[in-house]
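So this one's run.txt, compact mmCIF, C-alpha atoms:
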```
# COMPACT_ATOMS: atom_id res chain seq x y z
CA PHE A 1309 103.55 162.83 88.12
CA PRO A 1310 102.11 161.00 91.18
CA ALA A 1311 101.82 164.41 92.91
CA THR A 1312 99.32 165.61 90.30
CA GLY A 1313 95.60 165.07 89.78
CA ARG A 1314 94.24 167.52 92.35
CA ALA A 1315 94.04 170.85 90.47
CA GLN A 1316 90.92 171.73 88.50
CA ILE A 1317 91.90 172.63 84.93
CA VAL A 1318 89.62 175.37 83.58
CA GLY A 1319 89.74 176.17 79.87
CA VAL A 1320 88.72 179.63 78.67
CA THR A 1321 88.04 179.80 74.95
CA GLY A 1322 85.99 181.65 72.36
CA PRO A 1323 86.33 183.87 69.29
CA PRO A 1324 88.92 186.65 68.96
CA GLY A 1325 87.86 189.90 70.60
CA ALA A 1326 85.67 188.24 73.23
CA GLY A 1327 87.83 189.63 76.06
CA LYS A 1328 89.17 186.30 77.30
CA SER A 1329 92.31 187.79 78.91
CA THR A 1330 90.40 190.51 80.74
CA LEU A 1331 87.81 187.98 81.89
CA THR A 1332 90.60 185.65 83.08
CA ASP A 1333 92.15 188.54 85.01
CA MET A 1334 88.80 189.23 86.69
CA LEU A 1335 88.37 185.55 87.47
CA VAL A 1336 91.83 185.31 89.06
CA ALA A 1337 90.96 188.22 91.36
CA GLU A 1338 87.69 186.53 92.38
CA LEU A 1339 89.37 183.17 93.05
CA ARG A 1340 92.14 184.83 95.08
CA SER A 1341 89.47 186.53 97.21
CA ARG A 1342 88.37 182.97 98.06
CA ASP A 1343 91.93 182.04 99.05
CA LYS A 1344 92.50 179.76 96.05
CA ARG A 1345 95.96 179.47 94.52
CA VAL A 1346 95.65 180.09 90.78
CA GLY A 1347 97.90 179.21 87.86
CA VAL A 1348 97.30 180.78 84.45
CA ILE A 1349 98.61 179.47 81.14
CA ALA A 1350 97.95 182.00 78.37
CA ILE A 1351 98.42 180.66 74.84
CA ASP A 1352 99.54 183.09 72.16
CA PRO A 1353 99.74 182.40 68.40
CA SER A 1354 103.24 181.94 67.01
CA SER A 1355 104.24 183.43 63.68
CA PRO A 1356 104.28 180.80 60.90
CA PHE A 1357 107.26 182.67 59.41
CA THR A 1358 109.57 183.46 62.33
CA GLY A 1359 108.15 181.17 65.03
CA GLY A 1360 107.99 184.14 67.42
CA ALA A 1361 105.04 185.11 69.61
CA ILE A 1362 104.13 188.40 71.29
CA LEU A 1363 103.05 186.65 74.53
CA GLY A 1364 101.08 189.75 75.46
CA ASP A 1365 98.10 188.22 77.27
CA ARG A 1366 99.86 188.35 80.63
CA VAL A 1367 100.20 192.14 80.29
CA ARG A 1368 96.46 192.37 80.97
CA MET A 1369 97.02 190.44 84.22
CA ALA A 1370 99.92 192.55 85.48
CA ARG A 1371 98.15 193.44 88.73
CA HIS A 1372 98.66 189.84 89.92
CA ALA A 1373 102.39 189.77 89.12
CA LEU A 1374 103.54 190.18 92.74
CA ASP A 1375 100.94 187.88 94.27
CA PRO A 1376 102.68 184.66 95.46
CA GLY A 1377 99.37 182.82 95.10
CA VAL A 1378 99.26 183.45 91.34
CA PHE A 1379 101.58 182.12 88.63
CA ILE A 1380 101.10 183.34 85.05
CA ARG A 1381 102.92 181.79 82.09
CA SER A 1382 102.54 182.62 78.41
CA LEU A 1383 103.20 179.93 75.80
CA GLY A 1384 103.45 180.17 72.01
CA THR A 1385 101.55 177.69 69.87
CA ARG A 1386 104.65 176.94 67.72
CA GLY A 1387 102.49 175.70 64.88
CA GLN A 1388 100.21 173.55 66.99
CA ALA A 1389 96.58 173.63 65.82
CA GLY A 1390 93.61 173.50 68.16
CA GLY A 1391 94.23 176.67 70.16
CA LEU A 1392 96.85 175.23 72.54
CA SER A 1393 100.63 174.92 72.75
CA ARG A 1394 102.30 171.51 72.56
CA SER A 1395 103.62 171.98 76.11
CA THR A 1396 100.29 173.07 77.68
CA HIS A 1397 99.62 169.65 79.17
CA ASP A 1398 103.03 169.47 80.85
CA ALA A 1399 102.74 173.05 82.15
CA CYS A 1400 99.40 172.10 83.74
CA LEU A 1401 101.05 169.13 85.45
CA VAL A 1402 103.83 171.32 86.86
CA LEU A 1403 101.36 173.85 88.30
CA ASP A 1404 99.23 170.99 89.66
CA ALA A 1405 102.25 169.45 91.41
CA MET A 1406 103.14 172.89 92.82
CA GLY A 1407 99.85 172.90 94.70
CA PHE A 1408 97.76 175.34 92.69
CA ASP A 1409 94.05 174.74 93.25
CA ILE A 1410 92.89 175.94 89.83
CA VAL A 1411 94.83 176.18 86.56
CA ILE A 1412 93.22 178.43 83.96
CA VAL A 1413 94.19 177.77 80.34
CA GLU A 1414 93.33 180.64 78.04
CA THR A 1415 93.38 179.53 74.41
CA VAL A 1416 94.58 181.43 71.35
CA GLY A 1417 91.20 182.70 70.20
CA VAL A 1418 90.94 181.30 66.72
CA GLY A 1419 87.30 180.38 67.10
CA GLN A 1420 86.01 177.23 65.50
CA ASP A 1421 88.91 174.76 65.83
CA GLU A 1422 89.75 175.20 69.50
CA ILE A 1423 88.47 171.78 70.48
CA ASP A 1424 91.76 170.64 72.09
CA VAL A 1425 91.02 172.55 75.28
CA VAL A 1426 87.92 170.39 75.82
CA ASN A 1427 90.13 167.30 76.03
CA LEU A 1428 92.53 169.05 78.41
CA ALA A 1429 90.16 170.78 80.85
CA HIS A 1430 87.81 169.54 83.53
CA THR A 1431 85.66 172.63 82.96
CA THR A 1432 85.45 174.56 79.68
CA ILE A 1433 84.20 178.15 79.67
CA ILE A 1434 82.97 179.46 76.31
CA VAL A 1435 83.22 183.25 76.10
CA GLY A 1436 81.11 185.11 73.56
CA VAL A 1437 80.50 188.78 72.95
CA PRO A 1438 77.75 190.82 71.25
CA GLY A 1439 78.40 192.43 67.92
CA LEU A 1440 80.54 189.80 66.19
CA GLY A 1441 77.86 188.91 63.66
CA ASP A 1442 76.72 185.31 63.86
CA GLU A 1443 77.40 184.63 67.53
CA VAL A 1444 76.67 180.91 67.52
CA GLN A 1445 78.65 180.41 64.30
CA ALA A 1446 81.69 181.76 66.12
CA VAL A 1447 81.64 179.01 68.75
CA LYS A 1448 80.30 175.97 66.91
CA ALA A 1449 82.30 172.94 65.70
CA GLY A 1450 82.02 171.00 68.93
CA LEU A 1451 82.49 173.78 71.47
CA MET A 1452 78.76 174.46 71.82
CA GLU A 1453 78.32 170.77 72.56
CA ALA A 1454 81.28 170.50 74.90
CA GLY A 1455 81.28 173.74 76.92
CA GLU A 1456 80.20 173.51 80.55
CA ILE A 1457 79.85 177.24 81.27
CA PHE A 1458 78.83 179.94 78.78
CA VAL A 1459 79.59 183.61 79.35
CA ILE A 1460 78.53 186.58 77.25
CA ASN A 1461 81.17 189.19 77.99
CA LYS A 1462 80.91 192.93 77.21
CA ALA A 1463 77.24 192.66 78.10
CA ASP A 1464 76.91 196.45 78.15
CA ARG A 1465 77.24 196.51 74.36
CA ASP A 1466 74.41 196.84 71.89
CA GLY A 1467 73.22 193.45 70.72
CA TYR A 1468 73.51 191.71 74.09
CA GLU A 1469 69.87 190.66 74.18
CA ALA A 1470 70.07 189.17 70.67
CA ALA A 1471 73.28 187.30 71.51
CA HIS A 1472 71.73 186.03 74.75
CA ARG A 1473 68.70 184.68 72.88
CA GLN A 1474 70.93 182.88 70.35
CA TYR A 1475 72.98 181.19 73.05
CA GLU A 1476 69.88 180.36 75.06
CA LEU A 1477 68.27 178.71 72.04
CA MET A 1478 71.41 176.72 71.24
CA LEU A 1479 71.74 175.50 74.83
CA HIS A 1480 68.06 174.55 74.87
CA LEU A 1481 68.52 172.53 71.68
CA ARG A 1482 71.64 170.92 73.16
CA GLU A 1483 69.77 169.80 76.26
CA GLN A 1484 66.94 168.43 74.15
CA ALA A 1485 69.44 166.48 72.01
CA ALA A 1486 71.08 165.08 75.14
CA GLY A 1487 67.68 163.79 76.24
CA ALA A 1488 67.81 160.92 78.66
CA ARG A 1489 71.62 160.85 78.61
CA GLY A 1490 71.54 163.89 80.86
CA GLY A 1491 74.79 163.87 82.78
CA GLY A 1492 73.71 165.78 85.87
CA TRP A 1493 74.92 169.19 84.68
CA SER A 1494 72.98 171.93 82.97
CA ALA A 1495 75.35 174.49 81.44
CA PRO A 1496 74.62 177.99 82.79
CA LEU A 1497 74.55 181.07 80.57
CA LEU A 1498 76.14 183.97 82.44
CA ARG A 1499 76.55 187.70 81.87
CA ALA A 1500 79.81 189.60 82.38
CA ILE A 1501 81.45 192.97 81.90
CA ALA A 1502 85.03 192.00 82.65
CA THR A 1503 86.46 195.51 82.27
CA ALA A 1504 84.18 196.64 85.10
CA GLY A 1505 84.73 193.51 87.21
CA GLU A 1506 81.13 192.34 86.80
CA GLY A 1507 80.26 188.66 86.63
CA GLY A 1508 83.34 187.14 88.28
CA LYS A 1509 81.46 185.85 91.32
CA GLU A 1510 78.89 183.99 89.23
CA ILE A 1511 81.56 182.43 87.00
CA ALA A 1512 83.59 181.26 90.01
CA ASP A 1513 80.44 179.82 91.62
CA ALA A 1514 79.73 177.89 88.40
CA ILE A 1515 83.31 176.54 88.27
CA PHE A 1516 83.05 175.13 91.79
CA ALA A 1517 79.53 173.82 91.16
CA HIS A 1518 80.76 171.98 88.08
CA ARG A 1519 83.59 170.35 90.03
CA SER A 1520 81.08 169.22 92.67
CA ALA A 1521 78.85 167.76 89.94
CA LEU A 1522 81.81 165.88 88.45
CA GLU A 1523 82.96 164.52 91.81
CA ALA A 1524 79.43 163.36 92.64
CA ARG A 1525 79.65 160.82 89.81
CA ASP A 1526 83.42 160.21 89.82
CA GLY A 1527 83.76 162.34 86.68
CA PHE A 1528 86.65 164.47 87.96
CA ALA A 1529 89.11 161.60 88.32
CA ARG A 1530 87.84 160.00 85.11
CA ARG A 1531 88.45 163.16 83.07
CA SER A 1532 91.93 163.48 84.57
CA GLY A 1533 92.73 159.87 83.69
CA LEU A 1534 91.45 160.17 80.12
CA ARG A 1535 93.56 163.30 79.65
CA GLU A 1536 96.74 161.47 80.70
CA ARG A 1537 95.84 158.48 78.53
CA GLU A 1538 95.44 160.75 75.49
CA GLN A 1539 98.75 162.44 76.26
CA ALA A 1540 100.51 159.07 76.34
CA LEU A 1541 99.01 158.25 72.93
CA THR A 1542 100.09 161.64 71.57
CA ILE A 1543 103.67 161.07 72.70
CA LEU A 1544 103.58 157.56 71.22
CA ARG A 1545 102.38 158.85 67.85
CA GLU A 1546 105.08 161.51 67.73
CA ARG A 1547 107.86 159.09 68.63
CA LEU A 1548 106.70 156.43 66.19
CA ALA A 1549 106.52 159.00 63.40
CA ALA A 1550 110.01 160.28 64.23
CA ARG A 1551 111.37 156.72 64.31
CA ALA A 1552 109.74 155.83 61.00
CA LEU A 1553 111.25 158.88 59.31
CA ALA A 1554 114.69 158.57 60.88
CA ALA A 1555 116.17 156.07 58.40
CA ARG A 1556 114.87 156.18 54.83
CA GLY A 1557 111.61 157.95 55.57
CA GLN A 1558 112.44 160.98 53.46
CA ALA A 1559 113.04 158.74 50.43
CA VAL A 1560 109.61 157.16 50.88
CA LEU A 1561 107.98 160.59 51.15
CA ALA A 1562 109.86 161.69 48.02
CA ASP A 1563 108.26 158.73 46.21
CA VAL A 1564 104.84 159.99 47.36
CA GLU A 1565 105.59 163.50 46.11
CA ALA A 1566 106.60 162.08 42.73
CA ARG A 1567 103.45 159.91 42.72
CA ARG A 1568 105.47 156.73 42.38
CA ILE A 1569 103.59 155.31 45.38
CA ASP A 1570 100.38 156.37 47.13
CA PRO A 1571 100.25 157.67 50.73
CA TYR A 1572 98.76 154.43 52.09
CA THR A 1573 101.56 152.36 50.61
CA ALA A 1574 104.07 154.85 52.00
CA ALA A 1575 102.63 154.50 55.51
CA ASP A 1576 102.74 150.69 55.21
CA ARG A 1577 106.40 150.80 54.16
CA LEU A 1578 107.35 153.09 57.03
CA LEU A 1579 105.56 150.83 59.52
CA ALA A 1580 107.24 147.77 58.00
CA GLN A 1581 110.55 149.51 58.48
CA ILE A 1582 109.87 149.90 62.22
CA ASP A 1583 108.81 146.24 62.43
CA GLY A 1584 112.05 145.22 60.75
CA GLU A 1585 114.11 147.25 63.22
CA ASP A 1586 112.31 145.61 66.15
CA ARG A 1587 112.96 142.10 64.80
CA ARG A 1588 116.66 142.85 64.31
CA ALA A 1589 116.86 144.24 67.83
```
Kindly present the structure from the file in structure tokens form.
Amino acid sequence: FPATGRAQIVGVTGPPGAGKSTLTDMLVAELRSRDKRVGVIAIDPSSPFTGGAILGDRVRMARHALDPGVFIRSLGTRGQAGGLSRSTHDACLVLDAMGFDIVIVETVGVGQDEIDVVNLAHTTIIVGVPGLGDEVQAVKAGLMEAGEIFVINKADRDGYEAAHRQYELMLHLREQAAGARGGGWSAPLLRAIATAGEGGKEIADAIFAHRSALEARDGFARRSGLREREQALTILRERLAARALAARGQAVLADVEARRIDPYTAADRLLAQIDGEDRRA
């Protein structure tokens, strides 16, 4: 753990069909041309029935498979909401400790509830695409407010100009809402055609510019620290819940199901049970 904290974590998220994997592949090639070591964590949805996942995103990045400066790992969500896998944070730490300069985390692509990546990444890239209907609707719910770089991929499609205007308007409204709070960073709106390798240079430039802006006001280290703090709280919540349910927790939950007690009373009883164990210890 003390060997971490140097890598820039870059989240790539957006609606299904936006071409996130192809764009990530293009971005890896651009970063390698700048002699950066790149780790990629590609999150794939797990089946709610079997728990299995196709883990197919890395197939689109096969050209980097033999490059020692690139490490690509697919992870299944295993029921985790928010577009990430439960082990994403730890995988980022491992790649960071291994000396990778940039770790790209490509989320599942479920659209509106992928806010977890914002808490994980130093830099969040929102990828949109023309022709999905309501473009801004597809990336709202916090992502429009939290993204640092916006990319409209598949820009050779019909509807690009309309999509560009929608994003431009939303970013303008966001900056107006921020007002005096500012923050020293104005999110760029970039154009890409990932299948043709167009736009990678501009995206990479924006990634490095955002890191420089963060470091100028000590934001890079602060974001890293807040991420680790939140991870500690996540682990604490999981362990406390497991401890509360270990003894007679199922009986308490059965009382809730039968409506003999309400959920708040159930939570109080489970907490009291932990307190009692601590006093006996």
*Between A:Pro1324, A:Tyr1468, A:Ile1460, A:Glu1453, single out the one closest to Leu1481 of chain A, counting all atoms listed in the file.*
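The answer is A:Glu1453, which sits nearest to Leu1481 of chain A.
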*Identify, on the basis of only C-alpha atoms, every residue whose closest approach to Asp1513 of chain A does not exceed 12 Å; exclude the query and any residue fewer than 5 positions from it along the same chain; express the result as an MDAnalysis selection string.*
chainID A and resid 1335 1338:1339 1342 1457 1496 1498 1507:1508 1518:1520
*Looking at A:Thr1431, A:Leu1477, A:Arg1547, A:Ala1552, which one is nearest to Trp1493 of chain A, with distances taken over all atoms listed in the file?*
A:Thr1431
_So that I can check the surroundings of Ile1433 of chain A, please list as a PyMOL selection string every protein, DNA and RNA residue that reaches within 9 Å of it, counting all atoms listed in the file and ignoring chain neighbours fewer than 4 positions away._
chain A and resi 1318-1322+1455-1459+1511+1515
*Who sits within 12 Å of Arg1551 of chain A, only C-alpha atoms, same chain under 2 positions skipped, as a PyMOL selection string*: chain A and resi 1544-1549+1553-1558+1578-1583+1585-1586
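Of note, atom CA of Val1336 of chain A and atom CA of Ile1410 of chain A are spaced 9.5 Å apart.
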_Rounded to one decimal, what separation in Å do you get between atom CA of Leu1331 of chain A and atom CA of Arg1473 of chain A?_
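Spanning atom CA of Leu1331 of chain A to atom CA of Arg1473 of chain A is a straight-line distance of 21.4 Å.
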